[in-house]
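This is coords.csv. It holds CSV, C-alpha atoms (C1' of nucleotides).
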chain,number,residue,atom,x,y,z
Q,1,MET,CA,81.5,72.4,124.4
Q,2,LEU,CA,80.9,69.5,126.7
Q,3,SER,CA,77.2,68.6,127.2
Q,4,LYS,CA,75.6,69.0,130.6
Q,5,LYS,CA,75.5,65.3,130.8
Q,6,ASN,CA,79.2,65.1,130.4
Q,7,ARG,CA,79.8,67.7,133.1
Q,8,TYR,CA,77.5,65.8,135.4
Q,9,ALA,CA,79.5,62.6,134.6
Q,10,PHE,CA,82.8,64.3,135.7
Q,11,HIS,CA,81.3,65.6,138.9
Q,12,ALA,CA,79.8,62.2,139.7
Q,13,LEU,CA,83.1,60.5,139.2
Q,14,GLU,CA,84.8,63.2,141.4
Q,15,ASP,CA,82.2,62.5,144.1
Q,16,LEU,CA,82.8,58.7,143.9
Q,17,LEU,CA,86.5,59.3,144.2
Q,18,GLU,CA,86.1,61.6,147.2
Q,19,HIS,CA,84.0,59.0,149.0
Q,20,ARG,CA,85.8,55.9,147.8
Q,21,SER,CA,86.8,54.7,151.3
Q,22,GLU,CA,83.2,54.7,152.5
Q,23,GLY,CA,82.0,51.8,150.4
Q,24,PRO,CA,79.1,52.0,147.8
Q,25,ARG,CA,77.6,55.4,147.4
Q,26,LEU,CA,73.9,56.0,146.7
Q,27,ILE,CA,72.7,57.7,143.5
Q,28,SER,CA,70.7,60.1,145.6
Q,29,GLU,CA,73.7,61.0,147.7
Q,30,ILE,CA,75.7,61.9,144.6
Q,31,ALA,CA,72.8,63.8,143.2
Q,32,THR,CA,72.4,65.9,146.3
Q,33,ALA,CA,76.1,66.5,146.8
Q,34,LYS,CA,76.8,67.5,143.2
Q,35,LYS,CA,73.4,69.1,142.4
Q,36,ILE,CA,72.5,66.7,139.6
Q,37,PRO,CA,68.9,65.7,138.7
Q,38,ARG,CA,68.5,62.3,140.3
Q,39,LYS,CA,66.9,60.5,137.4
Q,40,PHE,CA,69.3,62.0,134.9
Q,41,LEU,CA,72.3,60.9,137.0
Q,42,GLU,CA,70.8,57.4,137.2
Q,43,ALA,CA,71.2,57.1,133.4
Q,44,ILE,CA,74.7,58.5,133.5
Q,45,LEU,CA,76.0,56.2,136.2
Q,46,LEU,CA,74.5,53.2,134.3
Q,47,GLU,CA,76.4,54.2,131.2
Q,48,LEU,CA,79.6,54.6,133.1
Q,49,LYS,CA,79.0,51.2,134.6
Q,50,LYS,CA,78.4,49.5,131.3
Q,51,ALA,CA,81.6,51.0,130.0
Q,52,GLY,CA,83.5,49.4,132.8
Q,53,PHE,CA,84.4,52.4,134.9
Q,54,LEU,CA,82.0,51.7,137.8
Q,55,GLY,CA,80.6,48.8,139.7
Q,56,SER,CA,77.3,48.7,141.5
Q,57,LYS,CA,75.3,46.8,144.1
Q,58,MET,CA,71.6,46.6,144.5
Q,59,GLY,CA,69.6,46.5,147.7
Q,60,LYS,CA,70.4,47.7,151.2
Q,61,GLY,CA,74.0,48.8,151.6
Q,62,GLY,CA,74.3,49.1,147.8
Q,63,GLY,CA,75.3,51.9,145.5
Q,64,TYR,CA,78.0,52.8,143.0
Q,65,TYR,CA,81.7,52.6,143.4
Q,66,LEU,CA,84.8,53.0,141.2
Q,67,LEU,CA,86.2,49.9,139.5
Q,68,LYS,CA,89.5,51.5,138.4
Q,69,GLN,CA,92.2,53.5,139.9
Q,70,ALA,CA,91.8,57.2,139.4
Q,71,GLU,CA,95.0,57.3,137.3
Q,72,GLN,CA,93.4,54.9,134.9
Q,73,ILE,CA,90.3,57.0,134.0
Q,74,ARG,CA,91.4,59.5,131.4
Q,75,PHE,CA,89.4,62.6,130.5
Q,76,ALA,CA,89.4,61.5,126.9
Q,77,ASP,CA,87.7,58.2,127.8
Q,78,ILE,CA,84.9,59.8,129.6
Q,79,ILE,CA,84.3,62.4,126.9
Q,80,ARG,CA,84.3,59.8,124.2
Q,81,LEU,CA,81.8,57.7,126.1
Q,82,ILE,CA,79.3,60.5,126.9
Q,83,ASP,CA,79.7,63.1,124.2
Q,84,GLY,CA,81.4,61.1,121.4
Q,85,PRO,CA,84.2,62.2,119.1
Q,86,ILE,CA,86.8,64.7,120.4
Q,87,ALA,CA,87.9,65.6,116.9
Q,88,LEU,CA,86.2,68.5,115.1
Q,89,LEU,CA,85.5,66.5,111.9
Q,90,PRO,CA,84.2,62.9,111.5
Q,91,CYS,CA,86.9,62.1,108.9
Q,92,VAL,CA,89.5,63.0,111.5
Q,93,SER,CA,88.2,61.1,114.5
Q,94,LEU,CA,90.2,58.1,115.7
Q,95,ASN,CA,87.3,56.4,117.5
Q,96,TYR,CA,84.3,57.6,115.5
Q,97,TYR,CA,85.7,57.8,112.0
Q,98,GLU,CA,83.3,58.4,109.1
Q,99,THR,CA,84.2,59.0,105.5
Q,100,CYS,CA,83.8,62.7,105.2
Q,101,GLU,CA,81.3,63.9,102.6
Q,102,ASP,CA,82.8,67.3,103.2
Q,103,CYS,CA,86.1,66.3,101.7
Q,104,LEU,CA,85.1,67.1,98.1
Q,105,GLU,CA,88.5,66.0,96.9
Q,106,ASP,CA,90.0,62.9,98.5
Q,107,GLU,CA,90.9,62.8,102.1
Q,108,ALA,CA,94.6,62.6,101.5
Q,109,THR,CA,94.7,66.0,100.0
Q,110,CYS,CA,91.8,67.7,101.8
Q,111,SER,CA,93.4,70.7,103.4
Q,112,LEU,CA,90.7,71.4,106.0
Q,113,ARG,CA,91.3,67.9,107.2
Q,114,LYS,CA,95.0,68.5,107.7
Q,115,VAL,CA,94.5,71.4,110.0
Q,116,MET,CA,91.9,69.5,112.0
Q,117,ILE,CA,94.2,66.6,112.5
Q,118,GLN,CA,96.7,68.9,114.2
Q,119,VAL,CA,93.9,70.3,116.4
Q,120,ARG,CA,92.9,66.8,117.4
Q,121,ASP,CA,96.4,65.7,118.2
Q,122,GLU,CA,97.1,68.7,120.5
Q,123,SER,CA,93.8,68.2,122.3
Q,124,LEU,CA,94.4,64.5,122.8
Q,125,LYS,CA,97.8,65.2,124.2
Q,126,VAL,CA,96.1,66.9,127.1
Q,127,LEU,CA,92.9,64.8,127.4
Q,128,GLU,CA,94.6,61.5,127.3
Q,129,SER,CA,97.3,62.5,129.8
Q,130,LYS,CA,94.9,63.9,132.4
Q,131,THR,CA,93.0,61.5,134.6
Q,132,LEU,CA,90.5,61.6,137.4
Q,133,ALA,CA,93.5,61.7,139.7
Q,134,ASP,CA,94.1,65.3,138.5
Q,135,LEU,CA,90.7,66.3,139.8
Q,136,LEU,CA,91.9,65.8,143.4
Q,137,LYS,CA,95.0,67.9,143.0
Q,138,LYS,CA,93.9,71.0,144.7
Q,139,THR,CA,97.0,73.0,143.8
S,1,MET,CA,82.5,68.5,116.4
S,2,LEU,CA,82.1,71.4,114.0
S,3,SER,CA,78.5,72.0,112.8
S,4,LYS,CA,77.7,71.4,109.2
S,5,LYS,CA,77.2,75.1,108.9
S,6,ASN,CA,80.7,75.7,110.0
S,7,ARG,CA,82.1,73.2,107.5
S,8,TYR,CA,80.1,74.9,104.8
S,9,ALA,CA,81.6,78.2,105.8
S,10,PHE,CA,85.2,76.9,105.5
S,11,HIS,CA,84.4,75.4,102.1
S,12,ALA,CA,82.8,78.6,100.9
S,13,LEU,CA,85.8,80.7,102.0
S,14,GLU,CA,88.1,78.2,100.3
S,15,ASP,CA,86.1,78.7,97.1
S,16,LEU,CA,86.3,82.4,97.3
S,17,LEU,CA,90.0,82.2,97.8
S,18,GLU,CA,90.4,79.9,94.8
S,19,HIS,CA,88.5,82.4,92.6
S,20,ARG,CA,89.7,85.6,94.1
S,21,SER,CA,91.2,86.9,90.9
S,22,GLU,CA,87.9,86.5,89.0
S,23,GLY,CA,86.0,89.3,90.8
S,24,PRO,CA,82.8,88.8,92.8
S,25,ARG,CA,81.5,85.3,92.9
S,26,LEU,CA,77.8,84.3,92.8
S,27,ILE,CA,76.2,82.5,95.7
S,28,SER,CA,75.0,79.9,93.3
S,29,GLU,CA,78.4,79.3,91.8
S,30,ILE,CA,79.8,78.6,95.3
S,31,ALA,CA,76.8,76.4,96.1
S,32,THR,CA,77.3,74.3,93.1
S,33,ALA,CA,81.1,74.0,93.3
S,34,LYS,CA,81.1,73.1,97.0
S,35,LYS,CA,77.8,71.2,97.1
S,36,ILE,CA,76.1,73.4,99.7
S,37,PRO,CA,72.4,74.0,99.8
S,38,ARG,CA,71.9,77.4,98.1
S,39,LYS,CA,69.6,79.0,100.7
S,40,PHE,CA,71.7,77.8,103.6
S,41,LEU,CA,74.8,79.1,102.0
S,42,GLU,CA,73.1,82.5,101.6
S,43,ALA,CA,72.7,82.8,105.3
S,44,ILE,CA,76.3,81.8,106.0
S,45,LEU,CA,77.8,84.3,103.6
S,46,LEU,CA,75.7,87.0,105.0
S,47,GLU,CA,77.0,86.2,108.5
S,48,LEU,CA,80.6,86.2,107.2
S,49,LYS,CA,80.0,89.5,105.6
S,50,LYS,CA,78.5,91.1,108.7
S,51,ALA,CA,81.5,89.9,110.7
S,52,GLY,CA,83.8,91.8,108.2
S,53,PHE,CA,85.4,88.9,106.4
S,54,LEU,CA,83.5,89.3,103.1
S,55,GLY,CA,82.2,92.1,100.9
S,56,SER,CA,79.4,91.8,98.5
S,57,LYS,CA,77.8,93.6,95.5
S,58,MET,CA,74.2,93.4,94.4
S,59,GLY,CA,72.9,93.3,90.9
S,60,LYS,CA,74.5,92.2,87.7
S,61,GLY,CA,78.3,91.5,88.0
S,62,GLY,CA,77.7,91.2,91.7
S,63,GLY,CA,78.5,88.5,94.2
S,64,TYR,CA,80.8,87.9,97.2
S,65,TYR,CA,84.5,88.5,97.6
S,66,LEU,CA,87.1,88.3,100.4
S,67,LEU,CA,87.9,91.5,102.2
S,68,LYS,CA,90.9,90.3,104.0
S,69,GLN,CA,94.2,88.6,103.1
S,70,ALA,CA,94.0,84.8,103.6
S,71,GLU,CA,96.7,85.0,106.3
S,72,GLN,CA,94.4,87.3,108.3
S,73,ILE,CA,91.5,84.9,108.5
S,74,ARG,CA,92.2,82.5,111.3
S,75,PHE,CA,90.4,79.2,111.9
S,76,ALA,CA,89.6,80.3,115.4
S,77,ASP,CA,87.8,83.4,114.2
S,78,ILE,CA,85.5,81.5,111.8
S,79,ILE,CA,84.7,78.8,114.4
S,80,ARG,CA,83.9,81.4,117.0
S,81,LEU,CA,81.7,83.2,114.6
S,82,ILE,CA,79.7,80.3,113.4
S,83,ASP,CA,79.7,77.7,116.2
S,84,GLY,CA,80.6,79.8,119.2
S,85,PRO,CA,83.0,78.9,121.9
S,86,ILE,CA,86.1,76.8,121.3
S,87,ALA,CA,86.5,75.9,125.0
S,88,LEU,CA,84.9,72.9,126.4
S,89,LEU,CA,83.3,74.7,129.4
S,90,PRO,CA,81.7,78.1,129.5
S,91,CYS,CA,83.7,79.2,132.5
S,92,VAL,CA,86.9,78.6,130.5
S,93,SER,CA,85.9,80.4,127.3
S,94,LEU,CA,87.9,83.6,126.5
S,95,ASN,CA,85.3,85.0,124.1
S,96,TYR,CA,82.0,83.5,125.5
S,97,TYR,CA,82.7,83.4,129.2
S,98,GLU,CA,79.9,82.6,131.6
S,99,THR,CA,80.1,82.0,135.3
S,100,CYS,CA,79.9,78.2,135.6
S,101,GLU,CA,77.1,76.8,137.7
S,102,ASP,CA,79.1,73.6,137.4
S,103,CYS,CA,81.9,74.9,139.5
S,104,LEU,CA,80.3,74.0,142.8
S,105,GLU,CA,83.3,75.4,144.7
S,106,ASP,CA,84.7,78.6,143.4
S,107,GLU,CA,86.3,78.8,140.0
S,108,ALA,CA,89.8,79.4,141.3
S,109,THR,CA,89.9,76.0,142.9
S,110,CYS,CA,87.6,74.0,140.5
S,111,SER,CA,89.8,71.2,139.3
S,112,LEU,CA,87.8,70.3,136.3
S,113,ARG,CA,88.2,73.9,135.1
S,114,LYS,CA,92.0,73.6,135.4
S,115,VAL,CA,92.3,70.7,133.0
S,116,MET,CA,89.9,72.4,130.6
S,117,ILE,CA,92.0,75.5,130.5
S,118,GLN,CA,94.9,73.5,129.3
S,119,VAL,CA,92.9,71.9,126.6
S,120,ARG,CA,91.7,75.2,125.5
S,121,ASP,CA,95.2,76.7,125.3
S,122,GLU,CA,96.5,73.8,123.3
S,123,SER,CA,93.6,73.9,120.8
S,124,LEU,CA,94.0,77.7,120.4
S,125,LYS,CA,97.7,77.4,119.7
S,126,VAL,CA,96.7,75.5,116.5
S,127,LEU,CA,93.4,77.2,115.7
S,128,GLU,CA,94.8,80.8,116.1
S,129,SER,CA,97.9,80.1,114.1
S,130,LYS,CA,96.3,78.4,111.1
S,131,THR,CA,94.6,80.6,108.6
S,132,LEU,CA,92.8,80.3,105.3
S,133,ALA,CA,96.2,80.5,103.6
S,134,ASP,CA,96.9,77.0,105.0
S,135,LEU,CA,93.9,75.7,103.0
S,136,LEU,CA,95.7,76.4,99.8
S,137,LYS,CA,98.9,74.6,100.7
S,138,LYS,CA,98.4,71.3,98.9
S,139,THR,CA,101.5,69.7,100.4
C,1,DT,C1',62.6,104.0,83.2
C,2,DT,C1',62.3,99.4,82.6
C,3,DA,C1',64.0,94.7,82.7
C,4,DA,C1',67.1,91.6,84.4
C,5,DT,C1',70.2,90.3,88.0
C,6,DA,C1',71.7,89.2,92.5
C,7,DT,C1',72.0,90.0,97.3
C,8,DT,C1',69.2,90.9,101.6
C,9,DC,C1',65.5,90.3,104.8
C,10,DT,C1',61.7,88.0,107.2
C,11,DA,C1',59.5,84.2,108.6
C,12,DC,C1',58.9,79.7,108.7
C,13,DT,C1',59.2,74.2,109.0
C,14,DA,C1',61.4,69.8,109.8
C,15,DA,C1',64.5,67.0,112.1
C,16,DT,C1',67.6,65.9,115.5
C,17,DT,C1',69.7,66.1,119.9
C,18,DC,C1',69.7,67.3,124.7
C,19,DT,C1',67.7,67.3,129.2
C,20,DA,C1',64.7,65.4,132.2
C,21,DT,C1',61.0,62.5,134.4
C,22,DG,C1',57.6,58.6,135.8
C,23,DG,C1',56.7,54.2,136.9
C,24,DA,C1',57.3,49.3,136.9
C,25,DT,C1',60.9,45.7,137.7
C,26,DT,C1',64.6,43.2,139.6
C,27,DA,C1',68.2,42.1,143.1
C,28,DA,C1',70.0,42.0,147.7
C,29,DA,C1',69.8,42.3,152.8
C,30,DT,C1',67.6,41.7,157.3
X,1,DA,C1',58.1,39.2,153.9
X,2,DT,C1',59.7,43.8,153.9
X,3,DT,C1',62.6,47.3,152.9
X,4,DT,C1',66.1,49.2,150.1
X,5,DA,C1',68.2,50.6,146.0
X,6,DA,C1',69.7,49.9,141.3
X,7,DT,C1',67.8,48.7,136.6
X,8,DC,C1',64.9,49.1,132.7
X,9,DC,C1',61.5,51.1,129.6
X,10,DA,C1',59.0,54.5,127.7
X,11,DT,C1',58.3,59.1,126.8
X,12,DA,C1',58.0,64.2,126.9
X,13,DG,C1',59.6,69.0,126.5
X,14,DA,C1',63.1,72.2,125.2
X,15,DA,C1',66.7,73.7,122.5
X,16,DT,C1',69.5,73.6,118.6
X,17,DT,C1',70.5,72.6,113.8
X,18,DA,C1',69.5,72.2,109.1
X,19,DG,C1',67.0,73.7,105.5
X,20,DT,C1',63.2,76.3,102.7
X,21,DA,C1',60.0,80.0,100.6
X,22,DG,C1',59.0,84.2,99.1
X,23,DA,C1',59.1,89.2,99.2
X,24,DA,C1',62.1,93.4,99.3
X,25,DT,C1',66.0,96.0,98.0
X,26,DA,C1',70.0,97.4,95.3
X,27,DT,C1',72.6,97.6,90.9
X,28,DT,C1',73.5,97.4,86.1
X,29,DA,C1',72.5,98.0,81.5
X,30,DA,C1',69.5,98.6,77.6
Spell out the structure here as structure tokens.
Amino acid sequence: MLSKKNRYAFHALEDLLEHRSEGPRLISEIATAKKIPRKFLEAILLELKKAGFLGSKMGKGGGYYLLKQAEQIRFADIIRLIDGPIALLPCVSLNYYETCEDCLEDEATCSLRKVMIQVRDESLKVLESKTLADLLKKT
Amino acid sequence: MLSKKNRYAFHALEDLLEHRSEGPRLISEIATAKKIPRKFLEAILLELKKAGFLGSKMGKGGGYYLLKQAEQIRFADIIRLIDGPIALLPCVSLNYYETCEDCLEDEATCSLRKVMIQVRDESLKVLESKTLADLLKKT
DNA sequence: TTAATATTCTACTAATTCTATGGATTAAAT
DNA sequence: ATTTAATCCATAGAATTAGTAGAATATTAA
């Protein structure tokens, strides 16, 4: 399951997209609109900024805004940033790979691994093709 | 990611399958063979038993054994039992559904939900078609 | 009927991760 | 200067995960 933090992140991004034309948006505006604890949201937005998805401006008239086109922000990217690996086993993760102590035999022949690779690939097909833009399609 | 407990569960089931012909298998034998903490494994096997996957016998000559054919034990079933929902959001889970506080609008139109339904369906295609029998295919 | 064997049950503890908050600091605008 | 708003730092509480200890119960076999 996605963490609460990750769900907040998606909602915050959705909010920024909805109000894109209005210029920088305040943390507190997003928090109110999407019912996210203000301070928690602060940390989330900062993380999204450091990863290059958002820009921000301090002081009066400041706030957060999207740096990329909605089509360029994939679900997979956000999930990897906030929650980490999408794969079900570390030894099968593309972005967070770790040699798997669980593979008692070698990884090449580990059968659990083989199935998990398939799961990963099918999940990625969806998560890497869907972007923020899909959040606005109300159909 | 799967919990350690869940990985242990798969390895334990694999072990039971490999030694099926030898009659009931001791917890401690499985623990040693698969490098699982004995006491932790105990709890896992009991859970698998209560869910109907395993049988057991106490006393001398006792131990655990599979109750079902390998083809009848799906990955999805084990994951749901040990780790819970496979879906990424509660409001999208088939077996652990909860009304989603995150859907600020109604569920029918929540766009985050729509994407997550697709992810769930693709994952399930794999996890419900793969069974313990696939763990023995060393190809 | 007793001793040995092995699962089952109850009740913890430790460690880690997740969720959330408080307050001081820095940057920008007027 | 004053106000506004993001940034940084530190921490605290709750929940979940991982693992352990020991007593109770069931079975076998002598």
Put chain S on top of chain Q with a least-squares fit on all C-alpha atoms, paired in order, and send it back as a tab-separated table (two decimals) with C-alpha atoms, in the coordinates of the input.
chain	number	residue	atom	x	y	z
S	1	MET	CA	81.49	72.46	124.40
S	2	LEU	CA	80.92	69.51	126.69
S	3	SER	CA	77.23	68.53	127.16
S	4	LYS	CA	75.68	69.01	130.53
S	5	LYS	CA	75.51	65.27	130.76
S	6	ASN	CA	79.20	65.04	130.37
S	7	ARG	CA	79.82	67.64	133.08
S	8	TYR	CA	77.51	65.72	135.35
S	9	ALA	CA	79.50	62.59	134.69
S	10	PHE	CA	82.82	64.24	135.68
S	11	HIS	CA	81.22	65.62	138.85
S	12	ALA	CA	79.75	62.26	139.73
S	13	LEU	CA	83.10	60.48	139.26
S	14	GLU	CA	84.76	63.18	141.36
S	15	ASP	CA	82.23	62.45	144.11
S	16	LEU	CA	82.83	58.79	143.98
S	17	LEU	CA	86.52	59.36	144.22
S	18	GLU	CA	86.09	61.66	147.22
S	19	HIS	CA	84.05	58.95	149.03
S	20	ARG	CA	85.84	55.91	147.82
S	21	SER	CA	86.80	54.73	151.26
S	22	GLU	CA	83.17	54.77	152.47
S	23	GLY	CA	81.95	51.82	150.35
S	24	PRO	CA	79.18	52.02	147.76
S	25	ARG	CA	77.58	55.37	147.37
S	26	LEU	CA	73.85	55.99	146.73
S	27	ILE	CA	72.68	57.66	143.56
S	28	SER	CA	70.77	60.09	145.66
S	29	GLU	CA	73.73	61.01	147.79
S	30	ILE	CA	75.72	61.89	144.63
S	31	ALA	CA	72.73	63.79	143.24
S	32	THR	CA	72.41	65.89	146.26
S	33	ALA	CA	76.13	66.58	146.81
S	34	LYS	CA	76.77	67.51	143.18
S	35	LYS	CA	73.38	69.08	142.41
S	36	ILE	CA	72.45	66.75	139.54
S	37	PRO	CA	68.92	65.78	138.72
S	38	ARG	CA	68.44	62.33	140.32
S	39	LYS	CA	66.87	60.54	137.33
S	40	PHE	CA	69.37	61.97	134.89
S	41	LEU	CA	72.21	60.97	137.08
S	42	GLU	CA	70.82	57.41	137.17
S	43	ALA	CA	71.19	57.12	133.46
S	44	ILE	CA	74.73	58.48	133.48
S	45	LEU	CA	75.98	56.12	136.15
S	46	LEU	CA	74.48	53.24	134.38
S	47	GLU	CA	76.35	54.21	131.20
S	48	LEU	CA	79.61	54.55	133.19
S	49	LYS	CA	79.04	51.19	134.66
S	50	LYS	CA	78.35	49.48	131.34
S	51	ALA	CA	81.55	51.00	129.96
S	52	GLY	CA	83.49	49.31	132.88
S	53	PHE	CA	84.40	52.34	134.94
S	54	LEU	CA	81.94	51.71	137.80
S	55	GLY	CA	80.52	48.77	139.73
S	56	SER	CA	77.29	48.76	141.52
S	57	LYS	CA	75.31	46.77	144.17
S	58	MET	CA	71.57	46.60	144.53
S	59	GLY	CA	69.60	46.52	147.71
S	60	LYS	CA	70.42	47.74	151.15
S	61	GLY	CA	74.11	48.82	151.60
S	62	GLY	CA	74.23	49.10	147.85
S	63	GLY	CA	75.23	51.90	145.54
S	64	TYR	CA	78.00	52.76	143.04
S	65	TYR	CA	81.75	52.54	143.39
S	66	LEU	CA	84.82	53.03	141.15
S	67	LEU	CA	86.27	49.95	139.57
S	68	LYS	CA	89.43	51.47	138.39
S	69	GLN	CA	92.30	53.48	139.91
S	70	ALA	CA	91.82	57.24	139.35
S	71	GLU	CA	95.01	57.35	137.23
S	72	GLN	CA	93.39	54.85	134.84
S	73	ILE	CA	90.36	56.95	134.05
S	74	ARG	CA	91.36	59.44	131.42
S	75	PHE	CA	89.39	62.55	130.45
S	76	ALA	CA	89.41	61.42	126.87
S	77	ASP	CA	87.73	58.14	127.72
S	78	ILE	CA	84.82	59.77	129.60
S	79	ILE	CA	84.28	62.41	126.88
S	80	ARG	CA	84.27	59.77	124.19
S	81	LEU	CA	81.84	57.73	126.12
S	82	ILE	CA	79.36	60.40	126.88
S	83	ASP	CA	79.65	63.02	124.12
S	84	GLY	CA	81.33	61.06	121.37
S	85	PRO	CA	84.11	62.23	119.19
S	86	ILE	CA	86.80	64.62	120.37
S	87	ALA	CA	87.83	65.60	116.81
S	88	LEU	CA	86.25	68.44	115.10
S	89	LEU	CA	85.46	66.52	111.86
S	90	PRO	CA	84.26	62.98	111.47
S	91	CYS	CA	86.91	62.12	108.94
S	92	VAL	CA	89.58	63.02	111.52
S	93	SER	CA	88.15	61.09	114.48
S	94	LEU	CA	90.27	58.10	115.68
S	95	ASN	CA	87.40	56.41	117.54
S	96	TYR	CA	84.31	57.59	115.50
S	97	TYR	CA	85.71	57.81	112.01
S	98	GLU	CA	83.37	58.35	109.10
S	99	THR	CA	84.23	59.01	105.51
S	100	CYS	CA	83.72	62.77	105.14
S	101	GLU	CA	81.26	63.91	102.52
S	102	ASP	CA	82.83	67.29	103.18
S	103	CYS	CA	86.10	66.30	101.68
S	104	LEU	CA	85.10	67.08	98.13
S	105	GLU	CA	88.54	66.01	96.87
S	106	ASP	CA	89.97	62.95	98.44
S	107	GLU	CA	90.89	62.87	102.09
S	108	ALA	CA	94.62	62.64	101.52
S	109	THR	CA	94.69	66.05	99.94
S	110	CYS	CA	91.77	67.78	101.82
S	111	SER	CA	93.40	70.77	103.41
S	112	LEU	CA	90.76	71.43	105.95
S	113	ARG	CA	91.28	67.88	107.23
S	114	LYS	CA	95.01	68.56	107.69
S	115	VAL	CA	94.54	71.45	110.07
S	116	MET	CA	91.90	69.49	111.97
S	117	ILE	CA	94.24	66.61	112.50
S	118	GLN	CA	96.63	68.88	114.24
S	119	VAL	CA	93.99	70.24	116.48
S	120	ARG	CA	92.93	66.82	117.34
S	121	ASP	CA	96.46	65.68	118.24
S	122	GLU	CA	97.04	68.67	120.44
S	123	SER	CA	93.73	68.25	122.32
S	124	LEU	CA	94.42	64.51	122.82
S	125	LYS	CA	97.86	65.17	124.23
S	126	VAL	CA	96.06	66.92	127.16
S	127	LEU	CA	92.86	64.89	127.30
S	128	GLU	CA	94.67	61.45	127.22
S	129	SER	CA	97.22	62.43	129.78
S	130	LYS	CA	94.90	63.93	132.40
S	131	THR	CA	92.97	61.54	134.53
S	132	LEU	CA	90.54	61.62	137.41
S	133	ALA	CA	93.54	61.74	139.75
S	134	ASP	CA	94.14	65.31	138.48
S	135	LEU	CA	90.69	66.28	139.84
S	136	LEU	CA	91.89	65.73	143.34
S	137	LYS	CA	95.01	67.85	143.07
S	138	LYS	CA	93.83	71.06	144.71
S	139	THR	CA	96.99	72.98	143.84
Name the residues in contact with stretch 68-74 of chain Q at a cut-off of 10 Å, using all atoms listed in the file, excluding same-chain residues fewer than 6 positions from it; report them as a count of residues only. 18
Got a sec to pull out which chain S residues are within 6 Å of chain C, counting only C-alpha atoms (C1' of nucleotides), and send them as a count of residues only? 3
Write down, as a PyMOL selection string, each residue of chain Q that has any atom within 10 Å of an atom of chain S, counting all atoms listed in the file. chain Q and resi 1-4+7-8+10-11+14+33-36+75+83-90+93+101-104+108-116+118-127+130-132+134-139
Let's have the selection written as a CSV table (one decimal), in the coordinates of the input, with C-alpha atoms.
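Saved the output as out.csv:
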chain,number,residue,atom,x,y,z
Q,1,MET,CA,81.5,72.4,124.4
Q,2,LEU,CA,80.9,69.5,126.7
Q,3,SER,CA,77.2,68.6,127.2
Q,4,LYS,CA,75.6,69.0,130.6
Q,7,ARG,CA,79.8,67.7,133.1
Q,8,TYR,CA,77.5,65.8,135.4
Q,10,PHE,CA,82.8,64.3,135.7
Q,11,HIS,CA,81.3,65.6,138.9
Q,14,GLU,CA,84.8,63.2,141.4
Q,33,ALA,CA,76.1,66.5,146.8
Q,34,LYS,CA,76.8,67.5,143.2
Q,35,LYS,CA,73.4,69.1,142.4
Q,36,ILE,CA,72.5,66.7,139.6
Q,75,PHE,CA,89.4,62.6,130.5
Q,83,ASP,CA,79.7,63.1,124.2
Q,84,GLY,CA,81.4,61.1,121.4
Q,85,PRO,CA,84.2,62.2,119.1
Q,86,ILE,CA,86.8,64.7,120.4
Q,87,ALA,CA,87.9,65.6,116.9
Q,88,LEU,CA,86.2,68.5,115.1
Q,89,LEU,CA,85.5,66.5,111.9
Q,90,PRO,CA,84.2,62.9,111.5
Q,93,SER,CA,88.2,61.1,114.5
Q,101,GLU,CA,81.3,63.9,102.6
Q,102,ASP,CA,82.8,67.3,103.2
Q,103,CYS,CA,86.1,66.3,101.7
Q,104,LEU,CA,85.1,67.1,98.1
Q,108,ALA,CA,94.6,62.6,101.5
Q,109,THR,CA,94.7,66.0,100.0
Q,110,CYS,CA,91.8,67.7,101.8
Q,111,SER,CA,93.4,70.7,103.4
Q,112,LEU,CA,90.7,71.4,106.0
Q,113,ARG,CA,91.3,67.9,107.2
Q,114,LYS,CA,95.0,68.5,107.7
Q,115,VAL,CA,94.5,71.4,110.0
Q,116,MET,CA,91.9,69.5,112.0
Q,118,GLN,CA,96.7,68.9,114.2
Q,119,VAL,CA,93.9,70.3,116.4
Q,120,ARG,CA,92.9,66.8,117.4
Q,121,ASP,CA,96.4,65.7,118.2
Q,122,GLU,CA,97.1,68.7,120.5
Q,123,SER,CA,93.8,68.2,122.3
Q,124,LEU,CA,94.4,64.5,122.8
Q,125,LYS,CA,97.8,65.2,124.2
Q,126,VAL,CA,96.1,66.9,127.1
Q,127,LEU,CA,92.9,64.8,127.4
Q,130,LYS,CA,94.9,63.9,132.4
Q,131,THR,CA,93.0,61.5,134.6
Q,132,LEU,CA,90.5,61.6,137.4
Q,134,ASP,CA,94.1,65.3,138.5
Q,135,LEU,CA,90.7,66.3,139.8
Q,136,LEU,CA,91.9,65.8,143.4
Q,137,LYS,CA,95.0,67.9,143.0
Q,138,LYS,CA,93.9,71.0,144.7
Q,139,THR,CA,97.0,73.0,143.8
What are the nearest atom pairs, with distances in Å to one decimal, for all residues of chain Q that come at most 9 Å from chain X, using only C-alpha atoms (C1' of nucleotides), set out by chain and rising residue number as CSV?
residue,atom,partner,partner_atom,distance
Q:Leu26,CA,X:DA5,C1',7.9
Q:Ile27,CA,X:DA6,C1',8.6
Q:Glu42,CA,X:DA6,C1',8.6
Q:Leu46,CA,X:DT7,C1',8.4
Q:Ser56,CA,X:DA6,C1',7.7
Q:Lys57,CA,X:DA6,C1',7.0
Q:Met58,CA,X:DA6,C1',5.0
Q:Gly59,CA,X:DA5,C1',4.7
Q:Lys60,CA,X:DT4,C1',4.7
Q:Gly61,CA,X:DT4,C1',8.1
Q:Gly62,CA,X:DA5,C1',6.5
Q:Gly63,CA,X:DA5,C1',7.2
Q:Tyr64,CA,X:DA6,C1',9.0
Quick check, in Å to one decimal: how far apart do atom CA of Q:Arg20 and atom CA of Q:Tyr65 lie?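 Between these atoms lies a distance of 6.9 Å.
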